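Dropping model_22.cif in here (mmCIF, C-alpha atoms):
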data_input
#
loop_
_atom_site.label_atom_id
_atom_site.label_comp_id
_atom_site.auth_asym_id
_atom_site.auth_seq_id
_atom_site.Cartn_x
_atom_site.Cartn_y
_atom_site.Cartn_z
CA MET A 1 -31.22 -0.93 73.06
CA ASN A 2 -34.37 0.87 74.17
CA VAL A 3 -37.30 -1.34 73.10
CA ARG A 4 -40.60 0.43 72.58
CA ALA A 5 -42.46 -2.13 70.49
CA MET A 6 -42.52 -5.85 69.72
CA PHE A 7 -44.22 -7.47 66.73
CA ILE A 8 -45.08 -11.14 67.14
CA ASP A 9 -45.92 -13.73 64.50
CA MET A 10 -48.65 -16.20 65.47
CA ASP A 11 -48.37 -19.68 63.90
CA GLY A 12 -45.12 -21.33 64.89
CA THR A 13 -44.28 -18.45 67.23
CA LEU A 14 -47.00 -17.31 69.63
CA LEU A 15 -49.12 -20.44 69.26
CA THR A 16 -48.47 -24.08 70.00
CA ALA A 17 -49.15 -26.74 67.39
CA SER A 18 -52.64 -27.08 68.90
CA ASN A 19 -53.35 -23.37 68.26
CA THR A 20 -53.22 -22.31 71.89
CA ILE A 21 -51.18 -19.70 73.74
CA SER A 22 -49.22 -21.15 76.63
CA ARG A 23 -49.59 -19.62 80.08
CA ARG A 24 -45.89 -18.75 80.07
CA ASN A 25 -46.21 -16.84 76.80
CA ILE A 26 -49.24 -14.93 78.10
CA GLU A 27 -47.46 -13.99 81.31
CA ALA A 28 -44.32 -12.88 79.49
CA ILE A 29 -46.31 -10.66 77.11
CA ASN A 30 -48.29 -9.16 80.01
CA ARG A 31 -45.07 -8.31 81.82
CA LEU A 32 -43.69 -6.66 78.71
CA VAL A 33 -46.87 -4.59 78.23
CA ASN A 34 -46.76 -3.57 81.89
CA GLN A 35 -43.25 -2.23 81.28
CA GLY A 36 -44.69 0.11 78.66
CA VAL A 37 -43.68 -1.84 75.55
CA LYS A 38 -46.33 -1.89 72.85
CA VAL A 39 -47.01 -5.44 71.64
CA PHE A 40 -48.54 -6.15 68.23
CA LEU A 41 -49.58 -9.30 66.37
CA ALA A 42 -48.25 -9.60 62.80
CA THR A 43 -49.65 -12.65 61.06
CA GLY A 44 -50.55 -14.29 57.78
CA ARG A 45 -53.99 -15.08 59.21
CA HIS A 46 -57.13 -13.14 58.40
CA TYR A 47 -58.75 -10.92 61.01
CA GLU A 48 -61.44 -13.30 62.23
CA VAL A 49 -58.89 -15.92 63.33
CA THR A 50 -56.52 -13.32 64.77
CA ALA A 51 -58.91 -11.27 66.89
CA PRO A 52 -59.79 -14.00 69.46
CA TYR A 53 -56.10 -14.41 70.39
CA HIS A 54 -55.57 -10.65 70.40
CA LYS A 55 -58.47 -10.42 72.88
CA GLU A 56 -57.11 -13.30 74.97
CA LEU A 57 -53.85 -11.39 75.37
CA GLY A 58 -55.71 -8.20 76.28
CA LEU A 59 -53.91 -6.21 73.58
CA ARG A 60 -55.18 -2.82 72.49
CA THR A 61 -52.91 -2.34 69.48
CA PRO A 62 -53.70 -2.66 65.75
CA MET A 63 -53.45 -6.12 64.16
CA ILE A 64 -51.36 -6.78 61.04
CA CYS A 65 -53.12 -9.53 59.09
CA LEU A 66 -52.69 -11.43 55.82
CA ASN A 67 -48.93 -10.78 55.65
CA GLY A 68 -49.47 -7.03 55.87
CA ALA A 69 -52.23 -6.71 53.30
CA ALA A 70 -54.60 -5.48 56.01
CA ILE A 71 -54.23 -3.57 59.26
CA HIS A 72 -57.20 -3.76 61.62
CA ASP A 73 -58.22 -1.50 64.48
CA ALA A 74 -57.81 -3.13 67.88
CA LEU A 75 -61.30 -2.48 69.23
CA SER A 76 -63.67 -2.28 66.26
CA GLY A 77 -61.84 -4.57 63.84
CA ARG A 78 -62.26 -1.90 61.19
CA VAL A 79 -59.78 -2.11 58.32
CA MET A 80 -57.42 0.81 58.80
CA GLN A 81 -55.35 0.00 55.72
CA MET A 82 -55.85 -2.47 52.90
CA LYS A 83 -53.67 -3.46 49.94
CA THR A 84 -55.32 -5.62 47.31
CA VAL A 85 -53.62 -7.77 44.69
CA ARG A 86 -54.78 -8.17 41.10
CA LEU A 87 -54.01 -11.18 38.94
CA ASN A 88 -55.08 -12.28 35.51
CA GLU A 89 -57.80 -14.51 36.97
CA GLU A 90 -58.31 -16.61 33.85
CA ARG A 91 -54.59 -17.37 33.66
CA PHE A 92 -54.37 -17.98 37.42
CA HIS A 93 -57.19 -20.52 37.49
CA HIS A 94 -55.94 -22.22 34.34
CA LEU A 95 -52.44 -22.69 35.78
CA THR A 96 -53.56 -23.82 39.22
CA ALA A 97 -56.11 -26.21 37.73
CA GLU A 98 -53.26 -28.08 36.06
CA SER A 99 -51.67 -28.77 39.44
CA PRO A 100 -53.39 -30.76 42.21
CA CYS A 101 -53.85 -28.15 44.92
CA ASN A 102 -56.29 -26.25 47.03
CA VAL A 103 -56.76 -22.56 46.32
CA ILE A 104 -57.78 -20.20 49.11
CA ILE A 105 -58.65 -16.59 48.34
CA HIS A 106 -58.86 -14.04 51.15
CA THR A 107 -61.00 -11.04 50.19
CA ALA A 108 -62.38 -7.95 51.89
CA THR A 109 -65.76 -9.69 52.15
CA GLY A 110 -64.70 -13.18 53.15
CA LEU A 111 -63.01 -16.43 52.23
CA TYR A 112 -63.33 -18.35 48.96
CA CYS A 113 -61.78 -21.78 48.43
CA LYS A 114 -61.64 -24.66 46.00
CA GLU A 115 -62.27 -27.18 48.78
CA THR A 116 -62.46 -27.29 52.55
CA ASN A 117 -59.87 -28.95 54.74
CA GLU A 118 -58.90 -29.21 58.39
CA GLU A 119 -57.30 -25.77 58.34
CA ILE A 120 -60.40 -24.09 56.95
CA ASP A 121 -62.64 -25.99 59.36
CA TYR A 122 -60.48 -24.64 62.20
CA TRP A 123 -60.74 -21.10 60.83
CA THR A 124 -64.52 -21.48 60.67
CA ASN A 125 -64.68 -22.74 64.24
CA VAL A 126 -62.50 -19.95 65.63
CA GLY A 127 -63.76 -17.09 63.49
CA GLN A 128 -67.38 -18.24 63.45
CA ILE A 129 -67.61 -17.31 59.76
CA PRO A 130 -67.69 -20.08 57.12
CA PRO A 131 -66.26 -19.61 53.61
CA ARG A 132 -68.49 -17.57 51.33
CA TYR A 133 -67.90 -20.04 48.52
CA VAL A 134 -66.50 -23.56 48.17
CA GLY A 135 -66.04 -25.13 44.75
CA ASP A 136 -64.86 -24.26 41.25
CA LEU A 137 -63.53 -20.75 41.74
CA ARG A 138 -63.96 -19.95 38.09
CA HIS A 139 -67.66 -19.66 38.90
CA ALA A 140 -67.21 -17.54 42.03
CA SER A 141 -67.75 -13.80 42.06
CA TYR A 142 -65.25 -11.99 44.24
CA GLN A 143 -63.19 -8.81 44.32
CA ASP A 144 -60.78 -6.90 46.56
CA VAL A 145 -58.40 -9.83 47.10
CA PHE A 146 -55.90 -9.44 49.95
CA LYS A 147 -54.10 -12.76 49.57
CA TYR A 148 -54.08 -15.91 47.44
CA SER A 149 -52.92 -19.17 49.08
CA ILE A 150 -52.08 -22.15 46.88
CA ARG A 151 -51.68 -25.34 48.91
CA THR A 152 -49.89 -27.98 46.81
CA GLY A 153 -48.63 -30.05 49.72
CA LYS A 154 -45.00 -29.58 48.63
CA PRO A 155 -42.56 -26.82 47.61
CA SER A 156 -43.71 -25.44 44.26
CA PRO A 157 -41.20 -22.81 43.11
CA GLU A 158 -41.71 -23.63 39.43
CA LEU A 159 -45.44 -22.86 39.68
CA SER A 160 -45.04 -19.83 41.94
CA ALA A 161 -42.42 -18.33 39.61
CA LEU A 162 -45.13 -17.92 36.98
CA PHE A 163 -46.79 -15.21 39.07
CA LYS A 164 -43.82 -13.14 40.23
CA GLU A 165 -44.44 -10.34 37.74
CA GLU A 166 -48.01 -9.94 39.00
CA ALA A 167 -47.55 -10.33 42.75
CA ASN A 168 -45.22 -10.62 45.70
CA VAL A 169 -44.80 -14.39 46.03
CA ILE A 170 -43.95 -16.14 49.32
CA ASP A 171 -42.83 -19.75 48.94
CA TRP A 172 -43.64 -22.29 51.66
CA ASP A 173 -42.89 -25.99 52.05
CA ASP A 174 -46.52 -26.80 51.18
CA GLY A 175 -47.13 -24.28 48.40
CA PHE A 176 -47.05 -20.51 48.13
CA GLU A 177 -48.91 -17.30 48.88
CA MET A 178 -49.36 -14.11 46.89
CA VAL A 179 -50.00 -10.54 47.96
CA ALA A 180 -49.59 -7.25 46.13
CA HIS A 181 -46.13 -6.01 45.24
CA GLY A 182 -44.76 -3.95 48.12
CA VAL A 183 -46.91 -5.73 50.69
CA SER A 184 -45.18 -7.41 53.63
CA LYS A 185 -45.40 -7.53 57.39
CA TRP A 186 -42.46 -5.14 57.53
CA ALA A 187 -44.18 -2.60 55.23
CA ALA A 188 -47.24 -2.69 57.51
CA ILE A 189 -45.02 -2.40 60.59
CA LYS A 190 -43.43 0.76 59.18
CA THR A 191 -46.91 2.26 58.72
CA ILE A 192 -47.76 1.54 62.36
CA LEU A 193 -44.42 2.85 63.61
CA ARG A 194 -45.03 6.18 61.87
CA THR A 195 -48.43 6.41 63.58
CA PHE A 196 -46.95 5.77 67.01
CA GLY A 197 -43.77 7.77 66.46
CA ILE A 198 -41.51 4.78 67.07
CA ASN A 199 -38.10 4.38 65.42
CA PRO A 200 -37.52 1.01 63.67
CA LYS A 201 -34.35 0.66 65.74
CA GLU A 202 -36.57 0.52 68.85
CA VAL A 203 -38.44 -2.53 67.57
CA VAL A 204 -38.08 -6.25 68.20
CA THR A 205 -39.69 -8.69 65.76
CA ILE A 206 -40.04 -12.44 66.20
CA GLY A 207 -41.20 -15.16 63.81
CA ASP A 208 -40.51 -18.46 62.12
CA GLY A 209 -41.64 -18.33 58.49
CA PRO A 210 -40.55 -16.95 55.13
CA ASN A 211 -43.18 -14.22 55.47
CA ASP A 212 -41.24 -13.01 58.55
CA ILE A 213 -37.84 -12.61 56.89
CA GLN A 214 -38.17 -8.92 56.03
CA MET A 215 -39.33 -7.91 59.49
CA LEU A 216 -36.55 -9.95 61.11
CA ARG A 217 -33.94 -8.43 58.84
CA HIS A 218 -34.95 -4.77 59.11
CA ALA A 219 -36.12 -4.30 62.70
CA GLY A 220 -33.77 -3.12 65.42
CA ILE A 221 -33.60 -6.72 66.60
CA GLY A 222 -34.98 -9.72 64.73
CA VAL A 223 -35.48 -13.00 66.59
CA ALA A 224 -36.07 -16.34 64.84
CA MET A 225 -37.81 -19.24 66.51
CA GLY A 226 -35.89 -22.47 67.07
CA ASN A 227 -38.35 -24.22 64.74
CA ALA A 228 -37.61 -21.80 61.87
CA SER A 229 -35.76 -22.84 58.73
CA ASN A 230 -32.10 -21.94 58.28
CA GLU A 231 -33.10 -19.25 55.78
CA VAL A 232 -35.23 -17.52 58.41
CA LYS A 233 -32.60 -17.95 61.13
CA ASP A 234 -29.98 -16.40 58.85
CA ALA A 235 -32.14 -13.25 58.58
CA ALA A 236 -32.33 -12.83 62.37
CA ASP A 237 -29.99 -11.41 64.98
CA PHE A 238 -30.82 -14.09 67.53
CA VAL A 239 -32.46 -17.52 67.65
CA THR A 240 -34.68 -18.46 70.58
CA GLY A 241 -36.31 -21.75 71.55
CA HIS A 242 -38.91 -23.86 69.74
CA HIS A 243 -42.51 -22.66 69.73
CA GLN A 244 -43.54 -25.86 71.51
CA ASN A 245 -41.12 -24.98 74.32
CA ASP A 246 -42.21 -21.35 74.85
CA GLY A 247 -39.43 -19.87 72.75
CA LEU A 248 -41.31 -16.57 72.63
CA ALA A 249 -41.46 -16.30 76.42
CA GLU A 250 -37.81 -17.35 76.62
CA CYS A 251 -36.85 -14.45 74.38
CA ILE A 252 -38.90 -11.91 76.34
CA GLU A 253 -37.71 -13.14 79.73
CA ARG A 254 -34.06 -13.33 78.72
CA TYR A 255 -33.67 -10.12 76.75
CA LEU A 256 -36.57 -7.75 77.31
CA ILE A 257 -37.91 -7.94 80.84
CA LYS A 258 -36.65 -5.24 83.22
CA SER A 259 -33.53 -4.05 81.43
CA TYR A 260 -34.89 -3.47 77.87
CA VAL A 261 -31.32 -4.25 76.83
CA ILE A 262 -30.20 -6.80 74.26
#
Could you spell out this file's structure in structure tokens?
Amino acid sequence: MNVRAMFIDMDGTLLTASNTISRRNIEAINRLVNQGVKVFLATGRHYEVTAPYHKELGLRTPMICLNGAAIHDALSGRVMQMKTVRLNEERFHHLTAESPCNVIIHTATGLYCKETNEEIDYWTNVGQIPPRYVGDLRHASYQDVFKYSIRTGKPSPELSALFKEEANVIDWDDGFEMVAHGVSKWAAIKTILRTFGINPKEVVTIGDGPNDIQMLRHAGIGVAMGNASNEVKDAADFVTGHHQNDGLAECIERYLIKSYVI
């Protein structure tokens, strides 16, 4: 197939467990870009902790952030598209308060959370912007929510099921996330493809998480990481190596460099 674009997940795909991009991954992406393939990042992260890696790679393409709830301009960081989610806040905080968990709320103006943790400290260090509020979120004043993250430390399908009428719910092994209905990485990808005049059949997507399933299933070619769950692998056309072993670079080198043929 003729590949004109590749959309790459970050955590568990582009990045190592220590949140770095390996030299091999950088070189493989650079070679792909030099062949004329447009490379995009498509992540669950917010803009501030996506942009430094985007810059490190030298990309000049829009960034898909927060599972597709926001698309940011490559140079200015301006929000090109935003999709907010609305919940019954009183009900949401009542239900999550009954379960031991951390609640993280990504908004158009910053991050709000019930408590800080290692993940949020890392975000603050990389993005250089601390949370706008830490504490009892019932007392916080926020609006324009892109994504809710509920970290329970374990699968919580019974709790997440309570919100499926209000939002698009993504279940993880350590909790769940919520964005607006109709929001996904794949929906954001389709918006970008229309802008660039690229056919979905000319696209390769690669990822490892449940928030990647739609883009793996619907792109011309979907590639799952070796560290992905069986559910994610089943949605893909191919499985590459583990993210700790440069599975991204392996995919690019094996299938995309020079021939563009899979």
Practice task
Run the PyMOL selection byres ((chain A and resi 213) around 12) against the file shown and list the residues it catches, as a ChimeraX atom specification.
Solution key: /A:9,67,170-171,184-187,205-212,214-219,222-225,228-237
Problem - Computed interatomic separation between CA of Thr109 in chain A and CA of Ile21 in chain A (Å) - result: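 Result for CA of Thr109 in chain A versus CA of Ile21 in chain A: 27.9 Å, one decimal.
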Which residues would end up in the selection if the PyMOL selection byres ((chain A and resi 241-253) around 12) were applied here, given that I need the answer as a PDB file with C-alpha atoms, in the coordinates of the input?
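Result went into out.pdb, see below:
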ATOM      1  CA  VAL A   3     -37.300  -1.340  73.100  1.00  0.00           C
ATOM      2  CA  ALA A   5     -42.460  -2.130  70.490  1.00  0.00           C
ATOM      3  CA  MET A   6     -42.520  -5.850  69.720  1.00  0.00           C
ATOM      4  CA  PHE A   7     -44.220  -7.470  66.730  1.00  0.00           C
ATOM      5  CA  ILE A   8     -45.080 -11.140  67.140  1.00  0.00           C
ATOM      6  CA  ASP A   9     -45.920 -13.730  64.500  1.00  0.00           C
ATOM      7  CA  MET A  10     -48.650 -16.200  65.470  1.00  0.00           C
ATOM      8  CA  ASP A  11     -48.370 -19.680  63.900  1.00  0.00           C
ATOM      9  CA  GLY A  12     -45.120 -21.330  64.890  1.00  0.00           C
ATOM     10  CA  THR A  13     -44.280 -18.450  67.230  1.00  0.00           C
ATOM     11  CA  LEU A  14     -47.000 -17.310  69.630  1.00  0.00           C
ATOM     12  CA  LEU A  15     -49.120 -20.440  69.260  1.00  0.00           C
ATOM     13  CA  THR A  16     -48.470 -24.080  70.000  1.00  0.00           C
ATOM     14  CA  ALA A  17     -49.150 -26.740  67.390  1.00  0.00           C
ATOM     15  CA  SER A  18     -52.640 -27.080  68.900  1.00  0.00           C
ATOM     16  CA  ASN A  19     -53.350 -23.370  68.260  1.00  0.00           C
ATOM     17  CA  THR A  20     -53.220 -22.310  71.890  1.00  0.00           C
ATOM     18  CA  ILE A  21     -51.180 -19.700  73.740  1.00  0.00           C
ATOM     19  CA  SER A  22     -49.220 -21.150  76.630  1.00  0.00           C
ATOM     20  CA  ARG A  23     -49.590 -19.620  80.080  1.00  0.00           C
ATOM     21  CA  ARG A  24     -45.890 -18.750  80.070  1.00  0.00           C
ATOM     22  CA  ASN A  25     -46.210 -16.840  76.800  1.00  0.00           C
ATOM     23  CA  ILE A  26     -49.240 -14.930  78.100  1.00  0.00           C
ATOM     24  CA  GLU A  27     -47.460 -13.990  81.310  1.00  0.00           C
ATOM     25  CA  ALA A  28     -44.320 -12.880  79.490  1.00  0.00           C
ATOM     26  CA  ILE A  29     -46.310 -10.660  77.110  1.00  0.00           C
ATOM     27  CA  ASN A  30     -48.290  -9.160  80.010  1.00  0.00           C
ATOM     28  CA  ARG A  31     -45.070  -8.310  81.820  1.00  0.00           C
ATOM     29  CA  LEU A  32     -43.690  -6.660  78.710  1.00  0.00           C
ATOM     30  CA  VAL A  33     -46.870  -4.590  78.230  1.00  0.00           C
ATOM     31  CA  GLN A  35     -43.250  -2.230  81.280  1.00  0.00           C
ATOM     32  CA  VAL A  37     -43.680  -1.840  75.550  1.00  0.00           C
ATOM     33  CA  VAL A  39     -47.010  -5.440  71.640  1.00  0.00           C
ATOM     34  CA  VAL A 204     -38.080  -6.250  68.200  1.00  0.00           C
ATOM     35  CA  THR A 205     -39.690  -8.690  65.760  1.00  0.00           C
ATOM     36  CA  ILE A 206     -40.040 -12.440  66.200  1.00  0.00           C
ATOM     37  CA  GLY A 207     -41.200 -15.160  63.810  1.00  0.00           C
ATOM     38  CA  ASP A 208     -40.510 -18.460  62.120  1.00  0.00           C
ATOM     39  CA  ILE A 221     -33.600  -6.720  66.600  1.00  0.00           C
ATOM     40  CA  GLY A 222     -34.980  -9.720  64.730  1.00  0.00           C
ATOM     41  CA  VAL A 223     -35.480 -13.000  66.590  1.00  0.00           C
ATOM     42  CA  ALA A 224     -36.070 -16.340  64.840  1.00  0.00           C
ATOM     43  CA  MET A 225     -37.810 -19.240  66.510  1.00  0.00           C
ATOM     44  CA  GLY A 226     -35.890 -22.470  67.070  1.00  0.00           C
ATOM     45  CA  ASN A 227     -38.350 -24.220  64.740  1.00  0.00           C
ATOM     46  CA  ALA A 228     -37.610 -21.800  61.870  1.00  0.00           C
ATOM     47  CA  SER A 229     -35.760 -22.840  58.730  1.00  0.00           C
ATOM     48  CA  LYS A 233     -32.600 -17.950  61.130  1.00  0.00           C
ATOM     49  CA  PHE A 238     -30.820 -14.090  67.530  1.00  0.00           C
ATOM     50  CA  VAL A 239     -32.460 -17.520  67.650  1.00  0.00           C
ATOM     51  CA  THR A 240     -34.680 -18.460  70.580  1.00  0.00           C
ATOM     52  CA  ARG A 254     -34.060 -13.330  78.720  1.00  0.00           C
ATOM     53  CA  TYR A 255     -33.670 -10.120  76.750  1.00  0.00           C
ATOM     54  CA  LEU A 256     -36.570  -7.750  77.310  1.00  0.00           C
ATOM     55  CA  ILE A 257     -37.910  -7.940  80.840  1.00  0.00           C
ATOM     56  CA  LYS A 258     -36.650  -5.240  83.220  1.00  0.00           C
ATOM     57  CA  SER A 259     -33.530  -4.050  81.430  1.00  0.00           C
ATOM     58  CA  TYR A 260     -34.890  -3.470  77.870  1.00  0.00           C
ATOM     59  CA  VAL A 261     -31.320  -4.250  76.830  1.00  0.00           C
ATOM     60  CA  ILE A 262     -30.200  -6.800  74.260  1.00  0.00           C
TER      61      ILE A 262
END
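For the choices A:Glu56, A:Glu158, A:Glu166, A:Asp73, the atom-to-atom distance to Asn88 in chain A is smallest for A:Glu166 when using all atoms listed in the file.
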Handout entry: Residue neighbourhood Leu111 in chain A, 7 Å, all atoms listed in the file, exclusion window fewer than 3 positions, as a PyMOL selection string
Key = chain A and resi 105-107+131-132
Exercise for the section: Please write the residues picked by the PyMOL selection byres ((chain A and resi 75) around 12) on this file as an MDAnalysis selection string. Expected result: chainID A and resid 51:52 54:55 58:63 72:74 76:80
Completion exercise
The distance between CA of Leu159 in chain A and CA of Asp144 in chain A is 23.2 Å
Exercise for the section: Would you list the residues near (-53.5, -26.4, 49.1), meaning any protein, DNA or RNA residue with an atom at most 12 Å from that point in file coordinates, counting all atoms listed in the file, as JSON, numbers by chain? Expected result: {"A": [96, 97, 99, 100, 101, 102, 103, 104, 105, 113, 114, 115, 116, 117, 118, 119, 120, 148, 149, 150, 151, 152, 153, 154, 155, 156, 172, 173, 174, 175, 176, 177]}
Problem - Of the listed residues A:His181, A:Lys38, A:Lys201, A:Arg4, that which approaches Lys147 in chain A most closely, counting all atoms listed in the file - result: A:His181
Problem - Pick from A:Gly182, A:Gly68, A:Gly127, A:Gly220, whichever lies nearest to Thr50 in chain A using all atoms listed in the file - result: A:Gly127
Handout entry: Straight-line distance linking CA of Glu89 in chain A with CA of Ala69 in chain A, stated in Å to one decimal
Key =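 About the pair CA of Glu89 in chain A and CA of Ala69 in chain A: they are 18.9 Å apart.
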Taking all atoms of range 169-176 of chain A that the file lists and extending 5 Å past them on each side, where is the centre of the axis-aligned box and how long are its edges? Answer in Å to one decimal, as JSON.
{"center_x": -45.0, "center_y": -20.6, "center_z": 49.0, "size_x": 14.3, "size_y": 22.4, "size_z": 16.0}
Completion exercise
Of A:Phe196, A:Phe146, A:Tyr47, A:Phe163, the one sitting nearest Val85 in chain A when using all atoms listed in the file is A:Phe146
Practice task
Can you pull out every residue within 10 Å of Leu162 in chain A, counting only C-alpha atoms, but drop anything in the same chain fewer than 6 positions away, and send it as a PyMOL selection string?
Solution key: chain A and resi 92+95+169
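Using only C-alpha atoms, the shortest contact distance between Leu137 in chain A and any of A:Pro157, A:Glu98, A:His93, A:Ile71 is found at A:His93.
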